[in-house]
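Chemist: Sharing a structure, written as structure tokens. Questions coming.
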Amino acid sequence: MSGSVGAASRRVELVMFSGDRILFGRFELPRALLHRYMMLCYAVTTGILSQLELFTPMITMSAGERLAVVLLSIGAVLGTAIAGVIGVELWHRSTSRLVIRASPFLFAASGVSAVATEWFVHVVPGEGWPGIVHLLIIWCCFYVISQILTHFLMLKVMTRALNDMRGGCPRSDRAARETEPRIEIKGQLLRPGDILRVAAEGNYIRVVTNGRQHFLPGPFGPVIEALPPDLGVQVSRSDWVAAAGVAGLRKAGRDIAVEMIDGTTVRVAQSRRKAVTEWVQSLGQGRSADVGAPDPRATSTQSGKWREAKVSRMEN
């Protein structure tokens with residue numbers, strides 16, 4: 001991915017409630033949250049939520065008043081989250097990676113949003129505060145909604161926003177990809193160079209490509225066995241990564257994780273550590289998180305199959 005942020009500059013790791021992890025450069029997350037793709041999603045979300053009667057006072061409100069309430073609520077969450085991330089990044093002066101867990105930030109931001117909404121809906125009209133119980137209920141409601149929206153935006157939209165911010169692919173690469181043959185995965189035709197990783201999720205598989213995610217029927221094993229052997233390797237019982245998507249390796253104690261060019265990390269099973277490490281090194285990509293990312297278009301040969309009795313996933 002030309003123009004992508006190298007692993008050396010990916011100093012911020014955002015951990016979602018689901019355990020999904022996304023890597024950002026310094027102060028890249030606040031800028032990404034204000035990217036035009038994200039702003040469009042905020043606008044659509046605001047329009048939808050403003051038509052719903054989320055709590056009792058909204059029943060008697062006009063469409064404009066409901067729109068103002070939702071705008072205030074989303075703006076408070078977004079503003080608090082951005083200010084919090086910037087503050088933490090300014091405070092974190094160490095050269096080590098900064099790990100940010102999204103849930104505490106969303107909980108605090110939802111609280112600010114709930115207070116602002118209660119003030120606008122009850123205090124401004126002269127009704128006074130409705131009480132702590134009512135505030136806590138609204139707070140919990142906003143927290144659940146913010147978790148759902150954040151997961152959707154981060155896993156569905158953020159990848160495209162980052163790709164756009166980091167420069168995307170040069171024209172020569174795009175022209176070459178147009179003529180690249182496709183492979184079929186469960187009826188979905190995909191360019192081999194676009195595939196980054198495949199993960200098992202119950203009876204389904206998640207196929208992550210450049211800027212998109214496809215949820216397709218499983219099972220995982222036959223799908224991986226049908227992929228071209230030089231496209232990538234299986235790193236655990238439920239994860240496969242493409243050579244074109246690898247940015248490097250990260251070690252944390254006895255654990256090893258493959259860092260992907262889309263900012264995610266995939267844990268390597270203990271039984272496959274040596275084989276995966278050698279494979280990544282053969283790509284010229286056997287580097288730690290503090291070393292710049294190499295050319296993500298490098299390819300290699302899958303060396304055999306490995307078996308594991310236990311599913312290993314990246315934990316929180």
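Ligands are numbered from 1 in the order shown, chains are lettered A, B, ... in the order of the structure tokens, and residues start at 1 in each chain.
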Quick one: residues within 9 Å of Ala242 of chain A, only C-alpha atoms counted, chain neighbours fewer than 2 positions away excluded, as a ChimeraX atom specification?

Modeler: /A:192-193,195-198,230-234,240,244-246,299

Chemist: Write the selection just made, keeping C-alpha atoms, as a PDB file, in the first residue's frame?

Modeler:
```
ATOM      1  CA  PRO A 192      -5.613 -12.181  -4.885  1.00  0.00           C
ATOM      2  CA  GLY A 193      -3.608  -9.012  -4.251  1.00  0.00           C
ATOM      3  CA  ILE A 195      -6.887 -10.252   0.174  1.00  0.00           C
ATOM      4  CA  LEU A 196      -5.266  -9.441   3.522  1.00  0.00           C
ATOM      5  CA  ARG A 197      -6.491 -12.116   5.906  1.00  0.00           C
ATOM      6  CA  VAL A 198      -9.163 -14.730   6.543  1.00  0.00           C
ATOM      7  CA  ASP A 230       1.969 -18.875  -2.529  1.00  0.00           C
ATOM      8  CA  LEU A 231      -0.671 -16.353  -1.421  1.00  0.00           C
ATOM      9  CA  GLY A 232      -0.147 -16.662   2.336  1.00  0.00           C
ATOM     10  CA  VAL A 233      -0.032 -18.968   5.356  1.00  0.00           C
ATOM     11  CA  GLN A 234      -2.259 -20.162   8.169  1.00  0.00           C
ATOM     12  CA  TRP A 240      -4.792 -17.091   7.740  1.00  0.00           C
ATOM     13  CA  ALA A 244       0.679  -8.973   0.643  1.00  0.00           C
ATOM     14  CA  GLY A 245      -0.953  -7.884   3.887  1.00  0.00           C
ATOM     15  CA  VAL A 246       1.941  -8.447   6.310  1.00  0.00           C
ATOM     16  CA  THR A 299       5.096 -12.729  -1.850  1.00  0.00           C
TER      17      THR A 299
END
```

Chemist: Neighbours of segment 205-209 of chain A within 12 Å (only C-alpha atoms; same-chain residues fewer than 2 positions away dropped), as an MDAnalysis selection string?

Modeler: chainID A and resid 155:156 159:160 163 184:186 188:203 211:224 238:242 244:245 260:264

Chemist: Do a neighbour search on Ser110 of chain A at 10 Å with only C-alpha atoms, toss out local chain neighbours closer than 3 positions, and write the hits as an MDAnalysis selection string.

Modeler: chainID A and resid 73:74 76:78 80:81 104:107 113:116 138:147

Chemist: Can you pull out the residues contacting Leu14 of chain A? Cut-off 9 Å, using only C-alpha atoms, and skip same-chain residues under 6 positions away; I want them as a ChimeraX atom specification.

Modeler: /A:20-24,29,98-102

Chemist: Mind checking DSSP for segment 45-173 of chain A and telling me the helix (DSSP H, G or I) residues as an MDAnalysis selection string?

Modeler: chainID A and resid 45:49 56:59 63:91 102:123 132:165 171:173

Chemist: Quick one: residues within 9 Å of Arg273 of chain A, only C-alpha atoms, excluding same-chain residues fewer than 6 positions away - as a PyMOL selection string?

Modeler: chain A and resi 235+255-256

Chemist: With N, CA and C atoms retained, write the just-selected residues as a compact mmCIF listing (two decimals), in the first residue's frame.

Modeler:
```
# COMPACT_ATOMS: atom_id res chain seq x y z
N VAL A 235 -1.76 -19.03 10.26
CA VAL A 235 -0.95 -18.74 11.45
C VAL A 235 -1.54 -19.32 12.73
N ASP A 255 4.51 -14.44 23.31
CA ASP A 255 3.54 -14.35 22.22
C ASP A 255 4.14 -13.62 21.03
N ILE A 256 3.71 -14.04 19.85
CA ILE A 256 4.09 -13.39 18.60
C ILE A 256 2.82 -13.07 17.83
```

Chemist: Just the strand (DSSP E or B) stuff from segment 53-289 of chain A, please, per backbone DSSP, written as a PDB file with N, CA and C atoms, in the first residue's frame.

Modeler:
```pdb
ATOM      1  N   LEU A  98       1.510   3.060  22.572  1.00  0.00           N
ATOM      2  CA  LEU A  98       0.409   3.461  23.439  1.00  0.00           C
ATOM      3  C   LEU A  98      -0.810   2.609  23.111  1.00  0.00           C
ATOM      4  N   VAL A  99      -1.315   1.882  24.102  1.00  0.00           N
ATOM      5  CA  VAL A  99      -2.498   1.043  23.922  1.00  0.00           C
ATOM      6  C   VAL A  99      -3.704   1.771  24.508  1.00  0.00           C
ATOM      7  N   ILE A 100      -4.690   2.020  23.677  1.00  0.00           N
ATOM      8  CA  ILE A 100      -5.917   2.702  24.105  1.00  0.00           C
ATOM      9  C   ILE A 100      -7.069   1.722  24.010  1.00  0.00           C
ATOM     10  N   ARG A 101      -7.746   1.495  25.101  1.00  0.00           N
ATOM     11  CA  ARG A 101      -8.934   0.652  25.109  1.00  0.00           C
ATOM     12  C   ARG A 101     -10.153   1.537  24.898  1.00  0.00           C
ATOM     13  N   ILE A 183      -9.895 -14.839  -7.875  1.00  0.00           N
ATOM     14  CA  ILE A 183     -10.132 -16.169  -7.335  1.00  0.00           C
ATOM     15  C   ILE A 183     -11.503 -16.153  -6.667  1.00  0.00           C
ATOM     16  N   GLU A 184     -12.132 -17.305  -6.626  1.00  0.00           N
ATOM     17  CA  GLU A 184     -13.475 -17.401  -6.068  1.00  0.00           C
ATOM     18  C   GLU A 184     -13.425 -17.992  -4.659  1.00  0.00           C
ATOM     19  N   ILE A 185     -14.050 -17.279  -3.736  1.00  0.00           N
ATOM     20  CA  ILE A 185     -14.191 -17.773  -2.368  1.00  0.00           C
ATOM     21  C   ILE A 185     -15.675 -17.765  -2.037  1.00  0.00           C
ATOM     22  N   GLN A 188     -17.729 -15.487  -4.090  1.00  0.00           N
ATOM     23  CA  GLN A 188     -17.266 -14.100  -4.152  1.00  0.00           C
ATOM     24  C   GLN A 188     -15.969 -14.051  -4.946  1.00  0.00           C
ATOM     25  N   LEU A 189     -15.938 -13.264  -6.038  1.00  0.00           N
ATOM     26  CA  LEU A 189     -14.736 -13.122  -6.846  1.00  0.00           C
ATOM     27  C   LEU A 189     -13.871 -12.007  -6.273  1.00  0.00           C
ATOM     28  N   LEU A 190     -12.622 -12.343  -5.937  1.00  0.00           N
ATOM     29  CA  LEU A 190     -11.719 -11.389  -5.313  1.00  0.00           C
ATOM     30  C   LEU A 190     -10.378 -11.393  -6.022  1.00  0.00           C
ATOM     31  N   ILE A 195      -6.592  -9.487  -1.033  1.00  0.00           N
ATOM     32  CA  ILE A 195      -6.887 -10.252   0.174  1.00  0.00           C
ATOM     33  C   ILE A 195      -5.796 -10.032   1.215  1.00  0.00           C
ATOM     34  N   LEU A 196      -6.210  -9.674   2.431  1.00  0.00           N
ATOM     35  CA  LEU A 196      -5.266  -9.441   3.522  1.00  0.00           C
ATOM     36  C   LEU A 196      -5.255 -10.585   4.522  1.00  0.00           C
ATOM     37  N   ARG A 197      -6.433 -11.021   4.938  1.00  0.00           N
ATOM     38  CA  ARG A 197      -6.491 -12.116   5.906  1.00  0.00           C
ATOM     39  C   ARG A 197      -7.864 -12.764   5.881  1.00  0.00           C
ATOM     40  N   VAL A 198      -7.920 -13.976   6.424  1.00  0.00           N
ATOM     41  CA  VAL A 198      -9.163 -14.730   6.543  1.00  0.00           C
ATOM     42  C   VAL A 198      -9.240 -15.251   7.968  1.00  0.00           C
ATOM     43  N   ALA A 199     -10.391 -15.078   8.595  1.00  0.00           N
ATOM     44  CA  ALA A 199     -10.561 -15.507   9.989  1.00  0.00           C
ATOM     45  C   ALA A 199     -11.832 -16.326  10.122  1.00  0.00           C
ATOM     46  N   ALA A 200     -11.771 -17.382  10.919  1.00  0.00           N
ATOM     47  CA  ALA A 200     -12.950 -18.206  11.198  1.00  0.00           C
ATOM     48  C   ALA A 200     -13.775 -17.542  12.284  1.00  0.00           C
ATOM     49  N   GLU A 201     -15.074 -17.457  12.066  1.00  0.00           N
ATOM     50  CA  GLU A 201     -15.997 -16.898  13.059  1.00  0.00           C
ATOM     51  C   GLU A 201     -17.228 -17.783  13.104  1.00  0.00           C
ATOM     52  N   TYR A 204     -18.999 -19.222   9.943  1.00  0.00           N
ATOM     53  CA  TYR A 204     -18.714 -18.295   8.852  1.00  0.00           C
ATOM     54  C   TYR A 204     -17.231 -17.937   8.845  1.00  0.00           C
ATOM     55  N   ILE A 205     -16.809 -17.270   7.805  1.00  0.00           N
ATOM     56  CA  ILE A 205     -15.451 -16.756   7.719  1.00  0.00           C
ATOM     57  C   ILE A 205     -15.520 -15.266   7.389  1.00  0.00           C
ATOM     58  N   ARG A 206     -14.536 -14.541   7.916  1.00  0.00           N
ATOM     59  CA  ARG A 206     -14.412 -13.127   7.588  1.00  0.00           C
ATOM     60  C   ARG A 206     -13.216 -12.962   6.667  1.00  0.00           C
ATOM     61  N   VAL A 207     -13.451 -12.498   5.453  1.00  0.00           N
ATOM     62  CA  VAL A 207     -12.386 -12.260   4.490  1.00  0.00           C
ATOM     63  C   VAL A 207     -12.146 -10.756   4.434  1.00  0.00           C
ATOM     64  N   VAL A 208     -10.970 -10.330   4.866  1.00  0.00           N
ATOM     65  CA  VAL A 208     -10.627  -8.913   4.899  1.00  0.00           C
ATOM     66  C   VAL A 208      -9.797  -8.579   3.671  1.00  0.00           C
ATOM     67  N   THR A 209     -10.261  -7.612   2.902  1.00  0.00           N
ATOM     68  CA  THR A 209      -9.532  -7.147   1.728  1.00  0.00           C
ATOM     69  C   THR A 209      -9.202  -5.675   1.915  1.00  0.00           C
ATOM     70  N   ARG A 212     -12.400  -3.461   2.545  1.00  0.00           N
ATOM     71  CA  ARG A 212     -13.688  -4.130   2.683  1.00  0.00           C
ATOM     72  C   ARG A 212     -13.549  -5.392   3.527  1.00  0.00           C
ATOM     73  N   GLN A 213     -14.696  -5.855   4.023  1.00  0.00           N
ATOM     74  CA  GLN A 213     -14.755  -7.120   4.733  1.00  0.00           C
ATOM     75  C   GLN A 213     -15.943  -7.913   4.196  1.00  0.00           C
ATOM     76  N   HIS A 214     -15.729  -9.205   3.978  1.00  0.00           N
ATOM     77  CA  HIS A 214     -16.767 -10.076   3.440  1.00  0.00           C
ATOM     78  C   HIS A 214     -17.031 -11.186   4.457  1.00  0.00           C
ATOM     79  N   PHE A 215     -18.296 -11.342   4.857  1.00  0.00           N
ATOM     80  CA  PHE A 215     -18.679 -12.443   5.730  1.00  0.00           C
ATOM     81  C   PHE A 215     -19.320 -13.518   4.862  1.00  0.00           C
ATOM     82  N   LEU A 216     -18.638 -14.657   4.772  1.00  0.00           N
ATOM     83  CA  LEU A 216     -19.049 -15.721   3.862  1.00  0.00           C
ATOM     84  C   LEU A 216     -19.239 -17.018   4.638  1.00  0.00           C
ATOM     85  N   PRO A 217     -20.006 -17.935   4.091  1.00  0.00           N
ATOM     86  CA  PRO A 217     -20.198 -19.222   4.775  1.00  0.00           C
ATOM     87  C   PRO A 217     -18.910 -20.028   4.828  1.00  0.00           C
ATOM     88  N   GLY A 232      -0.326 -16.960   0.922  1.00  0.00           N
ATOM     89  CA  GLY A 232      -0.147 -16.662   2.336  1.00  0.00           C
ATOM     90  C   GLY A 232      -0.038 -17.927   3.150  1.00  0.00           C
ATOM     91  N   VAL A 233      -0.151 -17.812   4.478  1.00  0.00           N
ATOM     92  CA  VAL A 233      -0.032 -18.968   5.356  1.00  0.00           C
ATOM     93  C   VAL A 233      -1.081 -18.905   6.459  1.00  0.00           C
ATOM     94  N   GLN A 234      -1.372 -20.074   7.020  1.00  0.00           N
ATOM     95  CA  GLN A 234      -2.259 -20.162   8.169  1.00  0.00           C
ATOM     96  C   GLN A 234      -1.408 -20.005   9.420  1.00  0.00           C
ATOM     97  N   VAL A 235      -1.761 -19.031  10.264  1.00  0.00           N
ATOM     98  CA  VAL A 235      -0.948 -18.741  11.446  1.00  0.00           C
ATOM     99  C   VAL A 235      -1.539 -19.318  12.728  1.00  0.00           C
ATOM    100  N   SER A 236      -2.782 -19.719  12.681  1.00  0.00           N
ATOM    101  CA  SER A 236      -3.408 -20.377  13.818  1.00  0.00           C
ATOM    102  C   SER A 236      -4.559 -21.213  13.293  1.00  0.00           C
ATOM    103  N   ASP A 239      -6.957 -18.524  11.819  1.00  0.00           N
ATOM    104  CA  ASP A 239      -6.471 -17.324  11.138  1.00  0.00           C
ATOM    105  C   ASP A 239      -5.502 -17.669  10.012  1.00  0.00           C
ATOM    106  N   TRP A 240      -5.686 -16.990   8.895  1.00  0.00           N
ATOM    107  CA  TRP A 240      -4.792 -17.091   7.740  1.00  0.00           C
ATOM    108  C   TRP A 240      -4.455 -15.675   7.324  1.00  0.00           C
ATOM    109  N   VAL A 241      -3.192 -15.423   6.968  1.00  0.00           N
ATOM    110  CA  VAL A 241      -2.785 -14.085   6.544  1.00  0.00           C
ATOM    111  C   VAL A 241      -2.116 -14.174   5.177  1.00  0.00           C
ATOM    112  N   ALA A 242      -2.326 -13.141   4.373  1.00  0.00           N
ATOM    113  CA  ALA A 242      -1.719 -13.067   3.048  1.00  0.00           C
ATOM    114  C   ALA A 242      -0.369 -12.380   3.129  1.00  0.00           C
ATOM    115  N   VAL A 246       1.092  -8.423   5.117  1.00  0.00           N
ATOM    116  CA  VAL A 246       1.941  -8.447   6.310  1.00  0.00           C
ATOM    117  C   VAL A 246       2.833  -7.216   6.365  1.00  0.00           C
ATOM    118  N   ALA A 247       2.834  -6.552   7.519  1.00  0.00           N
ATOM    119  CA  ALA A 247       3.726  -5.412   7.741  1.00  0.00           C
ATOM    120  C   ALA A 247       4.934  -5.795   8.590  1.00  0.00           C
ATOM    121  N   GLY A 248       4.790  -6.810   9.437  1.00  0.00           N
ATOM    122  CA  GLY A 248       5.908  -7.222  10.277  1.00  0.00           C
ATOM    123  C   GLY A 248       5.451  -8.116  11.412  1.00  0.00           C
ATOM    124  N   LEU A 249       6.364  -8.407  12.309  1.00  0.00           N
ATOM    125  CA  LEU A 249       6.079  -9.232  13.480  1.00  0.00           C
ATOM    126  C   LEU A 249       6.213  -8.397  14.741  1.00  0.00           C
ATOM    127  N   ARG A 250       5.421  -8.746  15.743  1.00  0.00           N
ATOM    128  CA  ARG A 250       5.534  -8.089  17.038  1.00  0.00           C
ATOM    129  C   ARG A 250       5.633  -9.144  18.109  1.00  0.00           C
ATOM    130  N   LYS A 251       6.618  -9.000  19.012  1.00  0.00           N
ATOM    131  CA  LYS A 251       6.803  -9.945  20.099  1.00  0.00           C
ATOM    132  C   LYS A 251       6.409  -9.295  21.406  1.00  0.00           C
ATOM    133  N   ALA A 252       5.670 -10.039  22.209  1.00  0.00           N
ATOM    134  CA  ALA A 252       5.281  -9.583  23.547  1.00  0.00           C
ATOM    135  C   ALA A 252       5.431 -10.769  24.485  1.00  0.00           C
ATOM    136  N   ASP A 255       4.510 -14.445  23.311  1.00  0.00           N
ATOM    137  CA  ASP A 255       3.542 -14.346  22.220  1.00  0.00           C
ATOM    138  C   ASP A 255       4.144 -13.619  21.029  1.00  0.00           C
ATOM    139  N   ILE A 256       3.705 -14.040  19.845  1.00  0.00           N
ATOM    140  CA  ILE A 256       4.090 -13.385  18.598  1.00  0.00           C
ATOM    141  C   ILE A 256       2.819 -13.067  17.834  1.00  0.00           C
ATOM    142  N   ALA A 257       2.752 -11.879  17.276  1.00  0.00           N
ATOM    143  CA  ALA A 257       1.601 -11.470  16.474  1.00  0.00           C
ATOM    144  C   ALA A 257       2.087 -10.924  15.147  1.00  0.00           C
ATOM    145  N   VAL A 258       1.332 -11.191  14.107  1.00  0.00           N
ATOM    146  CA  VAL A 258       1.620 -10.649  12.786  1.00  0.00           C
ATOM    147  C   VAL A 258       0.904  -9.314  12.668  1.00  0.00           C
ATOM    148  N   GLU A 259       1.636  -8.272  12.340  1.00  0.00           N
ATOM    149  CA  GLU A 259       1.039  -6.960  12.127  1.00  0.00           C
ATOM    150  C   GLU A 259       0.689  -6.816  10.655  1.00  0.00           C
ATOM    151  N   MET A 260      -0.537  -6.395  10.389  1.00  0.00           N
ATOM    152  CA  MET A 260      -1.026  -6.265   9.029  1.00  0.00           C
ATOM    153  C   MET A 260      -0.983  -4.806   8.585  1.00  0.00           C
ATOM    154  N   THR A 265      -3.781  -6.707  14.124  1.00  0.00           N
ATOM    155  CA  THR A 265      -2.772  -7.692  14.510  1.00  0.00           C
ATOM    156  C   THR A 265      -3.430  -9.050  14.627  1.00  0.00           C
ATOM    157  N   VAL A 266      -2.691 -10.099  14.268  1.00  0.00           N
ATOM    158  CA  VAL A 266      -3.202 -11.470  14.302  1.00  0.00           C
ATOM    159  C   VAL A 266      -2.219 -12.315  15.094  1.00  0.00           C
ATOM    160  N   ARG A 267      -2.709 -12.937  16.154  1.00  0.00           N
ATOM    161  CA  ARG A 267      -1.825 -13.728  17.014  1.00  0.00           C
ATOM    162  C   ARG A 267      -1.423 -15.032  16.326  1.00  0.00           C
TER     163      ARG A 267
END
```
